file entry-v3.pdb (PDB, N, CA and C atoms, pLDDT in the B column)
ATOM      1  N   MET A   1      -4.039  18.670  29.804  1.00 77.00           N
ATOM      2  CA  MET A   1      -4.757  19.924  29.800  1.00 77.00           C
ATOM      3  C   MET A   1      -4.252  20.852  30.897  1.00 77.00           C
ATOM      4  N   LEU A   2      -3.899  20.289  32.035  1.00 84.00           N
ATOM      5  CA  LEU A   2      -3.399  21.140  33.115  1.00 84.00           C
ATOM      6  C   LEU A   2      -2.120  21.856  32.705  1.00 84.00           C
ATOM      7  N   THR A   3      -1.282  21.179  31.961  1.00 91.00           N
ATOM      8  CA  THR A   3      -0.048  21.809  31.496  1.00 91.00           C
ATOM      9  C   THR A   3      -0.367  22.997  30.598  1.00 91.00           C
ATOM     10  N   LEU A   4      -1.319  22.815  29.700  1.00 91.00           N
ATOM     11  CA  LEU A   4      -1.698  23.914  28.804  1.00 91.00           C
ATOM     12  C   LEU A   4      -2.313  25.073  29.575  1.00 91.00           C
ATOM     13  N   GLU A   5      -3.111  24.759  30.589  1.00 92.00           N
ATOM     14  CA  GLU A   5      -3.686  25.831  31.406  1.00 92.00           C
ATOM     15  C   GLU A   5      -2.584  26.588  32.144  1.00 92.00           C
ATOM     16  N   GLY A   6      -1.583  25.862  32.624  1.00 94.00           N
ATOM     17  CA  GLY A   6      -0.442  26.505  33.273  1.00 94.00           C
ATOM     18  C   GLY A   6       0.315  27.409  32.317  1.00 94.00           C
ATOM     19  N   LEU A   7       0.464  26.960  31.078  1.00 95.00           N
ATOM     20  CA  LEU A   7       1.149  27.781  30.079  1.00 95.00           C
ATOM     21  C   LEU A   7       0.364  29.055  29.762  1.00 95.00           C
ATOM     22  N   VAL A   8      -0.955  28.947  29.712  1.00 94.00           N
ATOM     23  CA  VAL A   8      -1.788  30.127  29.471  1.00 94.00           C
ATOM     24  C   VAL A   8      -1.603  31.133  30.607  1.00 94.00           C
ATOM     25  N   ILE A   9      -1.636  30.640  31.833  1.00 95.00           N
ATOM     26  CA  ILE A   9      -1.448  31.529  32.986  1.00 95.00           C
ATOM     27  C   ILE A   9      -0.075  32.192  32.917  1.00 95.00           C
ATOM     28  N   GLY A  10       0.943  31.411  32.587  1.00 96.00           N
ATOM     29  CA  GLY A  10       2.289  31.970  32.451  1.00 96.00           C
ATOM     30  C   GLY A  10       2.360  33.019  31.354  1.00 96.00           C
ATOM     31  N   GLY A  11       1.692  32.773  30.240  1.00 96.00           N
ATOM     32  CA  GLY A  11       1.676  33.735  29.145  1.00 96.00           C
ATOM     33  C   GLY A  11       0.988  35.031  29.532  1.00 96.00           C
ATOM     34  N   ARG A  12      -0.097  34.904  30.284  1.00 97.00           N
ATOM     35  CA  ARG A  12      -0.799  36.113  30.738  1.00 97.00           C
ATOM     36  C   ARG A  12       0.066  36.906  31.715  1.00 97.00           C
ATOM     37  N   TRP A  13       0.763  36.184  32.587  1.00 97.00           N
ATOM     38  CA  TRP A  13       1.671  36.839  33.522  1.00 97.00           C
ATOM     39  C   TRP A  13       2.758  37.583  32.759  1.00 97.00           C
ATOM     40  N   GLU A  14       3.315  36.923  31.749  1.00 97.00           N
ATOM     41  CA  GLU A  14       4.377  37.533  30.949  1.00 97.00           C
ATOM     42  C   GLU A  14       3.866  38.793  30.238  1.00 97.00           C
ATOM     43  N   LYS A  15       2.663  38.721  29.685  1.00 97.00           N
ATOM     44  CA  LYS A  15       2.085  39.873  28.999  1.00 97.00           C
ATOM     45  C   LYS A  15       1.939  41.046  29.967  1.00 97.00           C
ATOM     46  N   LEU A  16       1.453  40.764  31.168  1.00 97.00           N
ATOM     47  CA  LEU A  16       1.325  41.822  32.172  1.00 97.00           C
ATOM     48  C   LEU A  16       2.687  42.380  32.583  1.00 97.00           C
ATOM     49  N   LEU A  17       3.672  41.525  32.641  1.00 97.00           N
ATOM     50  CA  LEU A  17       5.031  41.965  32.968  1.00 97.00           C
ATOM     51  C   LEU A  17       5.523  42.966  31.927  1.00 97.00           C
ATOM     52  N   TRP A  18       5.348  42.628  30.642  1.00 97.00           N
ATOM     53  CA  TRP A  18       5.810  43.528  29.574  1.00 97.00           C
ATOM     54  C   TRP A  18       5.038  44.835  29.575  1.00 97.00           C
ATOM     55  N   ARG A  19       3.789  44.796  30.022  1.00 97.00           N
ATOM     56  CA  ARG A  19       3.000  46.020  30.094  1.00 97.00           C
ATOM     57  C   ARG A  19       3.424  46.883  31.284  1.00 97.00           C
ATOM     58  N   THR A  20       3.846  46.242  32.366  1.00 97.00           N
ATOM     59  CA  THR A  20       4.157  46.954  33.604  1.00 97.00           C
ATOM     60  C   THR A  20       5.591  47.475  33.668  1.00 97.00           C
ATOM     61  N   LEU A  21       6.540  46.734  33.165  1.00 96.00           N
ATOM     62  CA  LEU A  21       7.952  47.123  33.287  1.00 96.00           C
ATOM     63  C   LEU A  21       8.260  48.533  32.783  1.00 96.00           C
ATOM     64  N   PRO A  22       7.725  48.963  31.662  1.00 95.00           N
ATOM     65  CA  PRO A  22       8.067  50.313  31.187  1.00 95.00           C
ATOM     66  C   PRO A  22       7.633  51.431  32.138  1.00 95.00           C
ATOM     67  N   THR A  23       6.645  51.158  32.979  1.00 95.00           N
ATOM     68  CA  THR A  23       6.170  52.210  33.877  1.00 95.00           C
ATOM     69  C   THR A  23       7.214  52.567  34.934  1.00 95.00           C
ATOM     70  N   GLY A  24       8.185  51.680  35.147  1.00 93.00           N
ATOM     71  CA  GLY A  24       9.260  51.958  36.094  1.00 93.00           C
ATOM     72  C   GLY A  24      10.263  52.964  35.573  1.00 93.00           C
ATOM     73  N   LYS A  25      10.253  53.184  34.265  1.00 93.00           N
ATOM     74  CA  LYS A  25      11.143  54.153  33.607  1.00 93.00           C
ATOM     75  C   LYS A  25      12.612  53.985  34.028  1.00 93.00           C
ATOM     76  N   LEU A  26      13.046  52.727  34.036  1.00 94.00           N
ATOM     77  CA  LEU A  26      14.443  52.437  34.364  1.00 94.00           C
ATOM     78  C   LEU A  26      15.290  52.583  33.104  1.00 94.00           C
ATOM     79  N   PRO A  27      16.365  53.364  33.162  1.00 95.00           N
ATOM     80  CA  PRO A  27      17.194  53.594  31.968  1.00 95.00           C
ATOM     81  C   PRO A  27      17.712  52.307  31.332  1.00 95.00           C
ATOM     82  N   ARG A  28      18.019  51.321  32.122  1.00 95.00           N
ATOM     83  CA  ARG A  28      18.586  50.092  31.551  1.00 95.00           C
ATOM     84  C   ARG A  28      17.564  49.298  30.740  1.00 95.00           C
ATOM     85  N   LEU A  29      16.298  49.689  30.806  1.00 94.00           N
ATOM     86  CA  LEU A  29      15.260  49.003  30.034  1.00 94.00           C
ATOM     87  C   LEU A  29      14.891  49.743  28.752  1.00 94.00           C
ATOM     88  N   ASN A  30      15.555  50.842  28.462  1.00 94.00           N
ATOM     89  CA  ASN A  30      15.218  51.664  27.296  1.00 94.00           C
ATOM     90  C   ASN A  30      15.364  50.933  25.962  1.00 94.00           C
ATOM     91  N   ASP A  31      16.230  49.935  25.892  1.00 95.00           N
ATOM     92  CA  ASP A  31      16.477  49.263  24.616  1.00 95.00           C
ATOM     93  C   ASP A  31      15.447  48.185  24.284  1.00 95.00           C
ATOM     94  N   TYR A  32      14.528  47.941  25.182  1.00 96.00           N
ATOM     95  CA  TYR A  32      13.540  46.887  24.957  1.00 96.00           C
ATOM     96  C   TYR A  32      12.284  47.457  24.306  1.00 96.00           C
ATOM     97  N   ASP A  33      11.740  46.705  23.357  1.00 97.00           N
ATOM     98  CA  ASP A  33      10.483  47.081  22.698  1.00 97.00           C
ATOM     99  C   ASP A  33       9.355  46.339  23.429  1.00 97.00           C
ATOM    100  N   PHE A  34       8.842  46.955  24.472  1.00 97.00           N
ATOM    101  CA  PHE A  34       7.853  46.292  25.307  1.00 97.00           C
ATOM    102  C   PHE A  34       6.530  46.070  24.590  1.00 97.00           C
ATOM    103  N   GLU A  35       6.187  46.941  23.662  1.00 97.00           N
ATOM    104  CA  GLU A  35       4.963  46.723  22.885  1.00 97.00           C
ATOM    105  C   GLU A  35       5.084  45.455  22.048  1.00 97.00           C
ATOM    106  N   GLU A  36       6.253  45.256  21.448  1.00 98.00           N
ATOM    107  CA  GLU A  36       6.485  44.039  20.653  1.00 98.00           C
ATOM    108  C   GLU A  36       6.485  42.806  21.559  1.00 98.00           C
ATOM    109  N   LEU A  37       7.110  42.902  22.706  1.00 98.00           N
ATOM    110  CA  LEU A  37       7.139  41.768  23.637  1.00 98.00           C
ATOM    111  C   LEU A  37       5.731  41.426  24.112  1.00 98.00           C
ATOM    112  N   GLU A  38       4.936  42.444  24.379  1.00 98.00           N
ATOM    113  CA  GLU A  38       3.550  42.206  24.791  1.00 98.00           C
ATOM    114  C   GLU A  38       2.751  41.566  23.651  1.00 98.00           C
ATOM    115  N   ARG A  39       2.979  42.042  22.439  1.00 98.00           N
ATOM    116  CA  ARG A  39       2.289  41.464  21.270  1.00 98.00           C
ATOM    117  C   ARG A  39       2.654  39.996  21.086  1.00 98.00           C
ATOM    118  N   ARG A  40       3.938  39.680  21.238  1.00 98.00           N
ATOM    119  CA  ARG A  40       4.381  38.290  21.110  1.00 98.00           C
ATOM    120  C   ARG A  40       3.789  37.416  22.206  1.00 98.00           C
ATOM    121  N   ALA A  41       3.699  37.953  23.418  1.00 98.00           N
ATOM    122  CA  ALA A  41       3.080  37.196  24.512  1.00 98.00           C
ATOM    123  C   ALA A  41       1.614  36.901  24.191  1.00 98.00           C
ATOM    124  N   GLU A  42       0.916  37.881  23.635  1.00 98.00           N
ATOM    125  CA  GLU A  42      -0.482  37.680  23.256  1.00 98.00           C
ATOM    126  C   GLU A  42      -0.608  36.607  22.178  1.00 98.00           C
ATOM    127  N   GLN A  43       0.291  36.609  21.217  1.00 98.00           N
ATOM    128  CA  GLN A  43       0.281  35.569  20.177  1.00 98.00           C
ATOM    129  C   GLN A  43       0.517  34.190  20.786  1.00 98.00           C
ATOM    130  N   GLN A  44       1.427  34.108  21.723  1.00 97.00           N
ATOM    131  CA  GLN A  44       1.683  32.831  22.397  1.00 97.00           C
ATOM    132  C   GLN A  44       0.446  32.352  23.140  1.00 97.00           C
ATOM    133  N   ILE A  45      -0.213  33.279  23.830  1.00 97.00           N
ATOM    134  CA  ILE A  45      -1.437  32.923  24.561  1.00 97.00           C
ATOM    135  C   ILE A  45      -2.484  32.393  23.586  1.00 97.00           C
ATOM    136  N   GLU A  46      -2.649  33.048  22.464  1.00 97.00           N
ATOM    137  CA  GLU A  46      -3.637  32.623  21.471  1.00 97.00           C
ATOM    138  C   GLU A  46      -3.333  31.223  20.948  1.00 97.00           C
ATOM    139  N   ARG A  47      -2.053  30.954  20.672  1.00 97.00           N
ATOM    140  CA  ARG A  47      -1.683  29.622  20.175  1.00 97.00           C
ATOM    141  C   ARG A  47      -1.920  28.552  21.238  1.00 97.00           C
ATOM    142  N   ILE A  48      -1.568  28.856  22.468  1.00 96.00           N
ATOM    143  CA  ILE A  48      -1.757  27.883  23.549  1.00 96.00           C
ATOM    144  C   ILE A  48      -3.250  27.659  23.796  1.00 96.00           C
ATOM    145  N   GLU A  49      -4.036  28.732  23.774  1.00 95.00           N
ATOM    146  CA  GLU A  49      -5.485  28.605  23.966  1.00 95.00           C
ATOM    147  C   GLU A  49      -6.100  27.725  22.874  1.00 95.00           C
ATOM    148  N   ALA A  50      -5.652  27.891  21.644  1.00 96.00           N
ATOM    149  CA  ALA A  50      -6.167  27.067  20.547  1.00 96.00           C
ATOM    150  C   ALA A  50      -5.831  25.603  20.786  1.00 96.00           C
ATOM    151  N   GLU A  51      -4.620  25.337  21.223  1.00 95.00           N
ATOM    152  CA  GLU A  51      -4.212  23.961  21.518  1.00 95.00           C
ATOM    153  C   GLU A  51      -5.009  23.408  22.702  1.00 95.00           C
ATOM    154  N   ARG A  52      -5.250  24.246  23.690  1.00 94.00           N
ATOM    155  CA  ARG A  52      -6.024  23.819  24.864  1.00 94.00           C
ATOM    156  C   ARG A  52      -7.452  23.459  24.462  1.00 94.00           C
ATOM    157  N   MET A  53      -8.038  24.249  23.582  1.00 93.00           N
ATOM    158  CA  MET A  53      -9.398  23.954  23.123  1.00 93.00           C
ATOM    159  C   MET A  53      -9.443  22.651  22.325  1.00 93.00           C
ATOM    160  N   ARG A  54      -8.401  22.395  21.528  1.00 94.00           N
ATOM    161  CA  ARG A  54      -8.344  21.116  20.797  1.00 94.00           C
ATOM    162  C   ARG A  54      -8.263  19.954  21.786  1.00 94.00           C
ATOM    163  N   ALA A  55      -7.484  20.124  22.834  1.00 93.00           N
ATOM    164  CA  ALA A  55      -7.341  19.071  23.844  1.00 93.00           C
ATOM    165  C   ALA A  55      -8.673  18.836  24.558  1.00 93.00           C
ATOM    166  N   VAL A  56      -9.386  19.900  24.877  1.00 91.00           N
ATOM    167  CA  VAL A  56     -10.693  19.773  25.535  1.00 91.00           C
ATOM    168  C   VAL A  56     -11.663  19.022  24.624  1.00 91.00           C
ATOM    169  N   GLN A  57     -11.698  19.400  23.357  1.00 92.00           N
ATOM    170  CA  GLN A  57     -12.589  18.730  22.414  1.00 92.00           C
ATOM    171  C   GLN A  57     -12.246  17.251  22.295  1.00 92.00           C
ATOM    172  N   GLN A  58     -10.962  16.947  22.282  1.00 91.00           N
ATOM    173  CA  GLN A  58     -10.528  15.550  22.181  1.00 91.00           C
ATOM    174  C   GLN A  58     -10.970  14.754  23.413  1.00 91.00           C
ATOM    175  N   VAL A  59     -10.810  15.347  24.577  1.00 88.00           N
ATOM    176  CA  VAL A  59     -11.216  14.664  25.814  1.00 88.00           C
ATOM    177  C   VAL A  59     -12.713  14.389  25.805  1.00 88.00           C
ATOM    178  N   PHE A  60     -13.508  15.400  25.410  1.00 87.00           N
ATOM    179  CA  PHE A  60     -14.952  15.201  25.380  1.00 87.00           C
ATOM    180  C   PHE A  60     -15.360  14.196  24.295  1.00 87.00           C
ATOM    181  N   ALA A  61     -14.673  14.199  23.169  1.00 89.00           N
ATOM    182  CA  ALA A  61     -14.987  13.251  22.105  1.00 89.00           C
ATOM    183  C   ALA A  61     -14.693  11.827  22.577  1.00 89.00           C
ATOM    184  N   GLU A  62     -13.568  11.631  23.242  1.00 84.00           N
ATOM    185  CA  GLU A  62     -13.209  10.308  23.759  1.00 84.00           C
ATOM    186  C   GLU A  62     -14.182   9.879  24.852  1.00 84.00           C
ATOM    187  N   SER A  63     -14.554  10.816  25.676  1.00 79.00           N
ATOM    188  CA  SER A  63     -15.470  10.528  26.777  1.00 79.00           C
ATOM    189  C   SER A  63     -16.843  10.132  26.256  1.00 79.00           C
ATOM    190  N   SER A  64     -17.343  10.815  25.241  1.00 79.00           N
ATOM    191  CA  SER A  64     -18.669  10.496  24.717  1.00 79.00           C
ATOM    192  C   SER A  64     -18.656   9.198  23.904  1.00 79.00           C
ATOM    193  N   SER A  65     -17.542   8.864  23.278  1.00 78.00           N
ATOM    194  CA  SER A  65     -17.472   7.636  22.497  1.00 78.00           C
ATOM    195  C   SER A  65     -17.314   6.400  23.380  1.00 78.00           C
ATOM    196  N   SER A  66     -16.876   6.582  24.608  1.00 71.00           N
ATOM    197  CA  SER A  66     -16.701   5.430  25.501  1.00 71.00           C
ATOM    198  C   SER A  66     -17.970   5.119  26.283  1.00 71.00           C
ATOM    199  N   GLN A  67     -18.988   5.957  26.115  1.00 66.00           N
ATOM    200  CA  GLN A  67     -20.241   5.718  26.858  1.00 66.00           C
ATOM    201  C   GLN A  67     -21.177   4.842  26.091  1.00 66.00           C
TER     202      GLN A  67
END
call {"tool": "encode", "arguments": {"input": "entry-v3.pdb", "output": "structure tokens"}}
result
Amino acid sequence: MLTLEGLVIGGRWEKLLWRTLPTGKLPRLNDYDFEELERRAEQQIERIEAERMRAVQQVFAESSSSQ
């Protein structure tokens, strides 16, 4: 679960990066579609969050069955 939480944090950082980079208005970044990159980061976060929730449910199910 800690690994998945780390991935979520990384995904959120990446999303913020894609949102922030265009504000620098650097010419060498003109070819990047930052809206698309931000959208993809959000999709990654959603997939990781879903997996994290499955892992949490599994841990609680195992924990309650061992009692």
call {"tool": "resolve_selection", "arguments": {"input": "entry-v3.pdb", "expression": "the PyMOL selection byres ((chain A and resi 36-39) around 6.5)", "output": "MDAnalysis selection string"}}
result
chainID A and resid 14:15 18:19 33:35 40:44
call {"tool": "residues_around", "arguments": {"input": "entry-v3.pdb", "residues": "range 7-13 of chain A", "least_positions_apart": "4", "cutoff": "6 Å", "atoms": "only N, CA and C atoms", "output": "ChimeraX atom specification"}}
result
/A:2-3,17,41,45
call {"tool": "atom_distance", "arguments": {"input": "entry-v3.pdb", "atom1": "CA of Arg47 in chain A", "atom2": "atom C of Glu5 in chain A"}}
result
12.4 Å
call {"tool": "residues_near_point", "arguments": {"input": "entry-v3.pdb", "point": "(-5.4, 22.9, 26.0)", "cutoff": "7 Å", "atoms": "only N, CA and C atoms", "output": "list of chain:residue names"}}
result
A:Met1, A:Leu2, A:Thr3, A:Leu4, A:Glu5, A:Ile48, A:Glu49, A:Ala50, A:Glu51, A:Arg52, A:Met53, A:Arg54, A:Ala55, A:Val56
call {"tool": "atom_distance", "arguments": {"input": "entry-v3.pdb", "atom1": "CA of Lys25 in chain A", "atom2": "CA of Glu46 in chain A"}}
result
28.8 Å
call {"tool": "select_by_dssp", "arguments": {"input": "entry-v3.pdb", "residues": "chain A", "states": "alpha helix (DSSP H)", "output": "PyMOL selection string"}}
result
chain A and resi 2-20+34-65
call {"tool": "atom_distance", "arguments": {"input": "entry-v3.pdb", "atom1": "CA of Gly6 in chain A", "atom2": "CA of Phe60 in chain A"}}
result
20.0 Å
call {"tool": "decode", "arguments": {"input": "entry-v3.pdb", "residues": "range 23-36 of chain A", "atoms": "N, CA and C atoms", "output": "PDB file, in the first residue's frame"}}
result
ATOM      1  N   THR A  23       3.254  28.196 -17.610  1.00  0.00           N
ATOM      2  CA  THR A  23       3.239  29.575 -17.125  1.00  0.00           C
ATOM      3  C   THR A  23       4.600  30.250 -17.293  1.00  0.00           C
ATOM      4  N   GLY A  24       5.652  29.451 -17.471  1.00  0.00           N
ATOM      5  CA  GLY A  24       6.983  30.004 -17.700  1.00  0.00           C
ATOM      6  C   GLY A  24       7.155  30.577 -19.090  1.00  0.00           C
ATOM      7  N   LYS A  25       6.260  30.207 -19.995  1.00  0.00           N
ATOM      8  CA  LYS A  25       6.270  30.699 -21.382  1.00  0.00           C
ATOM      9  C   LYS A  25       7.655  30.584 -22.039  1.00  0.00           C
ATOM     10  N   LEU A  26       8.267  29.419 -21.844  1.00  0.00           N
ATOM     11  CA  LEU A  26       9.568  29.162 -22.464  1.00  0.00           C
ATOM     12  C   LEU A  26       9.350  28.660 -23.887  1.00  0.00           C
ATOM     13  N   PRO A  27       9.997  29.277 -24.872  1.00  0.00           N
ATOM     14  CA  PRO A  27       9.789  28.881 -26.274  1.00  0.00           C
ATOM     15  C   PRO A  27      10.056  27.400 -26.533  1.00  0.00           C
ATOM     16  N   ARG A  28      11.012  26.831 -25.860  1.00  0.00           N
ATOM     17  CA  ARG A  28      11.344  25.426 -26.133  1.00  0.00           C
ATOM     18  C   ARG A  28      10.257  24.464 -25.656  1.00  0.00           C
ATOM     19  N   LEU A  29       9.281  24.970 -24.913  1.00  0.00           N
ATOM     20  CA  LEU A  29       8.183  24.125 -24.442  1.00  0.00           C
ATOM     21  C   LEU A  29       6.922  24.266 -25.289  1.00  0.00           C
ATOM     22  N   ASN A  30       6.972  25.058 -26.340  1.00  0.00           N
ATOM     23  CA  ASN A  30       5.791  25.320 -27.168  1.00  0.00           C
ATOM     24  C   ASN A  30       5.212  24.071 -27.831  1.00  0.00           C
ATOM     25  N   ASP A  31       6.030  23.062 -28.075  1.00  0.00           N
ATOM     26  CA  ASP A  31       5.548  21.880 -28.792  1.00  0.00           C
ATOM     27  C   ASP A  31       4.827  20.874 -27.898  1.00  0.00           C
ATOM     28  N   TYR A  32       4.783  21.138 -26.618  1.00  0.00           N
ATOM     29  CA  TYR A  32       4.156  20.195 -25.693  1.00  0.00           C
ATOM     30  C   TYR A  32       2.687  20.549 -25.479  1.00  0.00           C
ATOM     31  N   ASP A  33       1.853  19.518 -25.427  1.00  0.00           N
ATOM     32  CA  ASP A  33       0.423  19.693 -25.144  1.00  0.00           C
ATOM     33  C   ASP A  33       0.233  19.460 -23.638  1.00  0.00           C
ATOM     34  N   PHE A  34       0.383  20.516 -22.868  1.00  0.00           N
ATOM     35  CA  PHE A  34       0.344  20.385 -21.420  1.00  0.00           C
ATOM     36  C   PHE A  34      -1.035  20.006 -20.900  1.00  0.00           C
ATOM     37  N   GLU A  35      -2.080  20.417 -21.591  1.00  0.00           N
ATOM     38  CA  GLU A  35      -3.425  20.007 -21.177  1.00  0.00           C
ATOM     39  C   GLU A  35      -3.582  18.496 -21.304  1.00  0.00           C
ATOM     40  N   GLU A  36      -3.062  17.940 -22.393  1.00  0.00           N
ATOM     41  CA  GLU A  36      -3.123  16.482 -22.587  1.00  0.00           C
ATOM     42  C   GLU A  36      -2.260  15.772 -21.541  1.00  0.00           C
TER      43      GLU A  36
END
